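These notes concern the structure reproduced below.
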Amino acid sequence: MLRAMTEINVKQGIRRVLQQIEEAKLRRSEELRGSDVVLVAVSKIKPVELIIEAYDEGQRHFGENYVQELYDKATNALIQEKCKDIKWHFIGHLQSNKVNKVLAVPNLHLIETVDSRKRATQLNKNWPNFGGPDSKLNIMLQVNTSGEDVKNGIEPSEVNGLAEFVLKECQNLRLQGLMTIGQYGYDPAQGPNPDFLSLRKCRDDLCKALNINWKDVGLSMGMSTDFEHAIELGSTSVRVGSSIFGERPKKN
Ligand SMILES: *Cc1c(COP(=O)(O)O)cnc(C)c1O
């Protein structure tokens, strides 16, 4: 009903965004050109029917930012039947009392928003109760690159310390990269987005400090309004919602 009214064409949305990703990849500088870009379809507030439509189009990575909603969708009977190879990303703020619920999500692929030693420690300690033997939980560190108080995430200056902690003390976690949301409404006509440049610098500094190959540290940055710009600046994972699933109702 709702679908007919709003005329969302999810399959077309996926195809269009993938095309835009390919085009943006070609505009990257030589050194960035080799790395791949993952499209994470952000399905928050959207019904499972639309997720299945995107899945049928070949989309595998999906992002949600509320633990309960993610859990409900991941355990939904239709999703379980039709989307066996789905890869869930948790992209919201993770509270201490929700850790076990998020770890119980079937096909949980990556938690993008680790922002403290405490949370890393908790995830590391509890993951063996959920993952198979020897499996590691993929995580990213969320960095508050814009310095806005309302944003979660660690300061750029804290990245090396937390990364080192995860690498040395958290044997059940696999550090996949850094994630940022960045300032809303930045106009790329003003030049390269400083938040994206900042995240890239965090990555480069981290790799230098801990002697890691930069290609092993992903950058999750870019949303519907700026994912192409983010890719040009080195993003390896873009989180796109409304450009695929249509606008969400505004929060008030
Ligand atoms: C909602 C959300 C997105 C997707 O936003 P769109 O503007 O709809 O593409 C990406 N990242 C995070 C963390 C989000 O909460």
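The chains in the structure tokens are called A, B, ... from first to last as shown; in each chain the residues are counted from 1, and the ligands are counted from 1 in the order shown.
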List every residue of chain A that has an atom at most 7 Å from any atom of ligand 1, and for each one report the closest atom pair and its distance in Å to one decimal, counting only C-alpha atoms and all ligand atoms, with rows sorted by chain and then by increasing residue number, as CSV.
```
residue,atom,partner,partner_atom_place_in_ligand_line,distance
A:Val42,CA,ligand 1,4 (C),5.4
A:Lys44,CA,ligand 1,1 (C),6.8
A:Asn65,CA,ligand 1,15 (O),5.9
A:Ile91,CA,ligand 1,13 (C),5.1
A:Gly92,CA,ligand 1,13 (C),5.8
A:Ile181,CA,ligand 1,13 (C),5.9
A:Met223,CA,ligand 1,9 (O),4.2
A:Ser224,CA,ligand 1,9 (O),3.6
A:Thr225,CA,ligand 1,7 (O),6.2
A:Arg239,CA,ligand 1,10 (C),4.6
A:Val240,CA,ligand 1,9 (O),3.7
A:Gly241,CA,ligand 1,8 (O),3.5
A:Ser242,CA,ligand 1,8 (O),3.7
A:Ser243,CA,ligand 1,9 (O),6.1
A:Glu247,CA,ligand 1,8 (O),7.0
```
Identify, on the basis of only C-alpha atoms, every residue whose closest approach to A:Phe165 does not exceed 12 Å; exclude the query and any residue fewer than 3 positions from it along the same chain; express the result as a compact mmCIF listing (two decimals) with N, CA and C atoms, in the first residue's frame.
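Contents of part.txt, as written:
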```
# COMPACT_ATOMS: atom_id res chain seq x y z
N ASP A 115 33.61 3.06 20.36
CA ASP A 115 34.19 4.37 20.70
C ASP A 115 34.74 4.45 22.12
N SER A 116 35.06 3.29 22.70
CA SER A 116 35.71 3.32 24.01
C SER A 116 36.37 1.97 24.29
N ARG A 117 37.35 1.99 25.20
CA ARG A 117 37.97 0.74 25.63
C ARG A 117 36.95 -0.14 26.33
N LYS A 118 36.07 0.53 27.05
CA LYS A 118 35.05 -0.21 27.81
C LYS A 118 34.18 -1.04 26.86
N ARG A 119 33.72 -0.39 25.78
CA ARG A 119 32.86 -1.11 24.83
C ARG A 119 33.66 -2.20 24.13
N ALA A 120 34.87 -1.91 23.73
CA ALA A 120 35.71 -2.91 23.06
C ALA A 120 35.93 -4.11 23.98
N THR A 121 36.17 -3.82 25.24
CA THR A 121 36.42 -4.89 26.21
C THR A 121 35.19 -5.78 26.37
N ASN A 124 34.65 -7.84 23.21
CA ASN A 124 35.69 -8.87 23.15
C ASN A 124 35.39 -10.02 24.11
N LEU A 141 36.32 1.69 14.51
CA LEU A 141 36.31 2.72 15.54
C LEU A 141 35.61 3.95 14.98
N GLU A 158 42.71 10.24 19.79
CA GLU A 158 42.57 9.01 20.59
C GLU A 158 42.59 7.74 19.75
N VAL A 159 42.66 7.92 18.42
CA VAL A 159 42.54 6.76 17.53
C VAL A 159 43.66 5.74 17.75
N ASN A 160 44.90 6.22 17.76
CA ASN A 160 46.02 5.28 17.88
C ASN A 160 45.96 4.47 19.17
N GLY A 161 45.60 5.14 20.25
CA GLY A 161 45.54 4.47 21.55
C GLY A 161 44.48 3.38 21.58
N LEU A 162 43.30 3.71 21.07
CA LEU A 162 42.22 2.71 21.10
C LEU A 162 42.50 1.57 20.11
N LYS A 168 46.02 -5.28 20.61
CA LYS A 168 46.82 -6.04 21.59
C LYS A 168 45.99 -6.79 22.61
N GLU A 169 44.87 -6.20 23.00
CA GLU A 169 44.13 -6.76 24.15
C GLU A 169 42.83 -7.46 23.78
N CYS A 170 42.39 -7.31 22.55
CA CYS A 170 41.06 -7.84 22.19
C CYS A 170 41.20 -8.91 21.11
N GLN A 171 41.55 -10.10 21.52
CA GLN A 171 41.84 -11.17 20.57
C GLN A 171 40.62 -11.63 19.78
N LEU A 173 38.37 -9.62 18.53
CA LEU A 173 37.91 -8.57 17.63
C LEU A 173 38.87 -8.44 16.45
N ARG A 174 38.31 -8.07 15.30
CA ARG A 174 39.15 -7.78 14.13
C ARG A 174 38.91 -6.33 13.74
N LEU A 175 39.95 -5.54 13.86
CA LEU A 175 39.83 -4.11 13.55
C LEU A 175 39.82 -3.91 12.04
N LEU A 210 51.64 2.32 14.05
CA LEU A 210 51.59 0.91 14.40
C LEU A 210 52.15 0.02 13.29
```
Residues near A:Ile45, anyone? I mean within 9 Å using only C-alpha atoms, not counting same-chain ones fewer than 3 positions away, as a PyMOL selection string. chain A and resi 64+69+248-249
Selected residues written out, N, CA and C atoms, as a JSON list (two decimals), in the first residue's frame:
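Generated file (out_20.json):
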```
[["chain", "number", "residue", "atom", "x", "y", "z"],
["A", 64, "GLU", "N", 21.95, -0.71, 10.06],
["A", 64, "GLU", "CA", 20.85, -0.28, 10.94],
["A", 64, "GLU", "C", 21.46, 0.45, 12.12],
["A", 69, "GLU", "N", 15.73, -2.71, 16.53],
["A", 69, "GLU", "CA", 15.25, -2.79, 15.15],
["A", 69, "GLU", "C", 16.12, -3.74, 14.32],
["A", 248, "ARG", "N", 13.25, 9.34, 4.72],
["A", 248, "ARG", "CA", 12.64, 8.90, 5.98],
["A", 248, "ARG", "C", 11.83, 10.06, 6.55],
["A", 249, "PRO", "N", 10.79, 9.71, 7.31],
["A", 249, "PRO", "CA", 10.05, 10.79, 7.98],
["A", 249, "PRO", "C", 11.00, 11.55, 8.90]]
```
Let me make sure I understand: among A:His89, A:Arg33, A:Arg28, A:Lys98, which one has the smallest atom-to-atom distance to A:Ile139 if we use only C-alpha atoms?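 Checking each candidate against A:Ile139, we get A:His89 as the closest.
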Quote the spacing between atom CA of A:Ile52 and atom CA of A:Asp36 in Å to one decimal place.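 Those two atoms sit 24.2 Å apart.
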Hey, can you check how far atom CA of A:Tyr66 sits from atom CA of A:Val102? 9.3 Å
Using only C-alpha atoms, which residues sit within 9 Å of A:Glu49 once same-chain residues fewer than 4 positions away are excluded, as a PyMOL selection string? chain A and resi 53-54+78-79
Give me a file of those residues, with all heavy atoms, as an mmCIF file, in the first residue's frame.
```
data_model
loop_
_atom_site.group_PDB
_atom_site.id
_atom_site.type_symbol
_atom_site.label_atom_id
_atom_site.label_comp_id
_atom_site.auth_asym_id
_atom_site.auth_seq_id
_atom_site.Cartn_x
_atom_site.Cartn_y
_atom_site.Cartn_z
ATOM 1 N N GLU A 53 13.815 -6.747 -1.393
ATOM 2 C CA GLU A 53 13.910 -6.266 -2.773
ATOM 3 C C GLU A 53 15.357 -5.896 -3.139
ATOM 4 O O GLU A 53 15.846 -6.235 -4.215
ATOM 5 C CB GLU A 53 13.038 -5.026 -2.948
ATOM 6 C CG GLU A 53 11.984 -5.196 -4.006
ATOM 7 C CD GLU A 53 11.040 -4.009 -4.042
ATOM 8 O OE1 GLU A 53 11.382 -3.025 -4.712
ATOM 9 O OE2 GLU A 53 9.987 -4.068 -3.375
ATOM 10 N N ALA A 54 16.007 -5.197 -2.211
ATOM 11 C CA ALA A 54 17.402 -4.811 -2.449
ATOM 12 C C ALA A 54 18.293 -6.057 -2.508
ATOM 13 O O ALA A 54 19.189 -6.167 -3.348
ATOM 14 C CB ALA A 54 17.883 -3.865 -1.351
ATOM 15 N N LEU A 78 10.942 -13.897 7.184
ATOM 16 C CA LEU A 78 11.146 -13.691 5.745
ATOM 17 C C LEU A 78 12.607 -13.398 5.427
ATOM 18 O O LEU A 78 13.161 -13.899 4.446
ATOM 19 C CB LEU A 78 10.288 -12.523 5.256
ATOM 20 C CG LEU A 78 8.850 -12.822 4.872
ATOM 21 C CD1 LEU A 78 8.137 -11.535 4.478
ATOM 22 C CD2 LEU A 78 8.799 -13.849 3.740
ATOM 23 N N ILE A 79 13.216 -12.557 6.251
ATOM 24 C CA ILE A 79 14.636 -12.241 6.043
ATOM 25 C C ILE A 79 15.467 -13.524 6.174
ATOM 26 O O ILE A 79 16.358 -13.792 5.363
ATOM 27 C CB ILE A 79 15.118 -11.183 7.060
ATOM 28 C CG1 ILE A 79 14.411 -9.841 6.838
ATOM 29 C CG2 ILE A 79 16.640 -11.030 7.033
ATOM 30 C CD1 ILE A 79 14.962 -8.961 5.749
#
```
A:Asn97: which residues within 12 Å, counting only C-alpha atoms, same-chain residues fewer than 6 positions away excluded, as a PyMOL selection string? chain A and resi 67-68+103+119+122-123
Name all residues at most 7 Å from stretch 232-235 of chain A (count only C-alpha atoms; drop same-chain ones fewer than 3 positions away) and give them as a list of chain:residue names.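 My reading of the contact set: A:Ala24, A:Lys25, A:Arg27, A:Arg28, A:Leu32, A:Phe196, A:Leu219, A:Ser220, A:Met221, A:Glu228, A:His229, A:Val238.
Across the structure, atom CA of A:Val17 and atom CA of A:Arg60 are spaced 14.0 Å apart.
Nearest-residue note for A:Ser146: choosing from A:Val99, A:Ile212, A:Leu197, A:Ala189, the minimum distance belongs to A:Leu197, counting only C-alpha atoms.
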Identify all residues of stretch 20-202 of chain A in strand (DSSP E or B) (DSSP on the backbone) and supply them as a ChimeraX atom specification. /A:38-42,61-64,87-90,108-114,137-143,154,173-179
Export of prior selection with N, CA and C atoms as a short mmCIF file (atom, residue, chain, number, x, y, z; two decimals), in the first residue's frame:
```
data_model
loop_
_atom_site.label_atom_id
_atom_site.label_comp_id
_atom_site.auth_asym_id
_atom_site.auth_seq_id
_atom_site.Cartn_x
_atom_site.Cartn_y
_atom_site.Cartn_z
N VAL A 38 32.62 -0.70 -0.63
CA VAL A 38 31.44 -1.49 -0.26
C VAL A 38 30.24 -0.55 -0.10
N LEU A 39 29.13 -0.94 -0.69
CA LEU A 39 27.90 -0.19 -0.47
C LEU A 39 27.12 -0.82 0.69
N VAL A 40 26.92 -0.02 1.73
CA VAL A 40 26.07 -0.47 2.85
C VAL A 40 24.73 0.23 2.70
N ALA A 41 23.69 -0.55 2.46
CA ALA A 41 22.35 0.03 2.29
C ALA A 41 21.73 0.24 3.67
N VAL A 42 21.49 1.49 4.02
CA VAL A 42 20.99 1.80 5.36
C VAL A 42 19.46 1.74 5.35
N HIS A 61 25.19 -6.00 1.91
CA HIS A 61 25.51 -5.27 3.14
C HIS A 61 24.39 -4.29 3.48
N PHE A 62 23.87 -4.42 4.71
CA PHE A 62 22.80 -3.53 5.17
C PHE A 62 23.18 -2.95 6.52
N GLY A 63 22.79 -1.70 6.74
CA GLY A 63 23.12 -1.02 8.00
C GLY A 63 21.88 -0.59 8.75
N GLU A 64 21.95 -0.71 10.06
CA GLU A 64 20.85 -0.28 10.94
C GLU A 64 21.46 0.45 12.12
N LYS A 87 24.55 -9.40 5.21
CA LYS A 87 25.63 -8.98 6.12
C LYS A 87 25.20 -7.69 6.82
N TRP A 88 24.93 -7.79 8.10
CA TRP A 88 24.43 -6.64 8.86
C TRP A 88 25.55 -5.80 9.44
N HIS A 89 25.41 -4.50 9.27
CA HIS A 89 26.33 -3.55 9.91
C HIS A 89 25.56 -2.81 10.98
N PHE A 90 26.12 -2.72 12.16
CA PHE A 90 25.52 -1.86 13.17
C PHE A 90 26.21 -0.51 13.10
N LEU A 108 25.43 -10.96 11.86
CA LEU A 108 26.09 -9.70 12.21
C LEU A 108 27.45 -9.69 11.53
N HIS A 109 27.73 -8.65 10.75
CA HIS A 109 28.97 -8.62 9.99
C HIS A 109 29.99 -7.65 10.59
N LEU A 110 29.52 -6.50 11.06
CA LEU A 110 30.46 -5.46 11.47
C LEU A 110 29.78 -4.45 12.40
N ILE A 111 30.44 -4.15 13.50
CA ILE A 111 29.99 -3.07 14.36
C ILE A 111 30.89 -1.87 14.07
N GLU A 112 30.30 -0.81 13.50
CA GLU A 112 31.12 0.30 12.99
C GLU A 112 31.39 1.38 14.04
N THR A 113 30.80 1.24 15.22
CA THR A 113 30.74 2.40 16.12
C THR A 113 31.40 2.19 17.48
N VAL A 114 32.46 1.42 17.54
CA VAL A 114 33.14 1.24 18.82
C VAL A 114 33.87 2.55 19.16
N LEU A 137 34.98 -10.97 15.71
CA LEU A 137 33.95 -9.97 15.42
C LEU A 137 34.61 -8.77 14.74
N ASN A 138 34.10 -8.40 13.57
CA ASN A 138 34.62 -7.24 12.86
C ASN A 138 34.13 -5.95 13.53
N ILE A 139 35.05 -5.04 13.75
CA ILE A 139 34.66 -3.75 14.30
C ILE A 139 35.37 -2.62 13.57
N MET A 140 34.78 -1.43 13.71
CA MET A 140 35.47 -0.20 13.32
C MET A 140 35.43 0.74 14.51
N LEU A 141 36.32 1.69 14.51
CA LEU A 141 36.31 2.72 15.54
C LEU A 141 35.61 3.95 14.98
N GLN A 142 34.65 4.47 15.73
CA GLN A 142 33.98 5.69 15.28
C GLN A 142 34.74 6.91 15.76
N VAL A 143 35.03 7.80 14.82
CA VAL A 143 35.81 8.99 15.14
C VAL A 143 34.92 10.23 14.95
N ILE A 154 35.35 8.84 19.18
CA ILE A 154 36.55 9.32 19.85
C ILE A 154 37.14 10.49 19.08
N LEU A 173 38.37 -9.62 18.53
CA LEU A 173 37.91 -8.57 17.63
C LEU A 173 38.87 -8.44 16.45
N ARG A 174 38.31 -8.07 15.30
CA ARG A 174 39.15 -7.78 14.13
C ARG A 174 38.91 -6.33 13.74
N LEU A 175 39.95 -5.54 13.86
CA LEU A 175 39.83 -4.11 13.55
C LEU A 175 39.82 -3.91 12.04
N GLN A 176 38.69 -3.44 11.53
CA GLN A 176 38.55 -3.31 10.06
C GLN A 176 38.78 -1.90 9.57
N GLY A 177 38.68 -0.93 10.48
CA GLY A 177 38.88 0.42 9.99
C GLY A 177 38.29 1.48 10.88
N LEU A 178 38.10 2.65 10.28
CA LEU A 178 37.62 3.83 10.99
C LEU A 178 36.34 4.33 10.32
N MET A 179 35.46 4.86 11.14
CA MET A 179 34.18 5.34 10.62
C MET A 179 33.92 6.75 11.13
#
```
So which residues of stretch 6-242 of chain A fall under alpha helix (DSSP H) by DSSP, listed as number ranges by chain? A: 6, 10-26, 48-56, 67-74, 77-82, 99-103, 117-126, 159-169, 194-210, 227-232, 242
For stretch 213-215 of chain A, work out the shell of residues within 9 Å, counting only C-alpha atoms and skipping chain neighbours fewer than 2 positions away, then give it as an MDAnalysis selection string. chainID A and resid 35 203:204 206:208 211 217:218
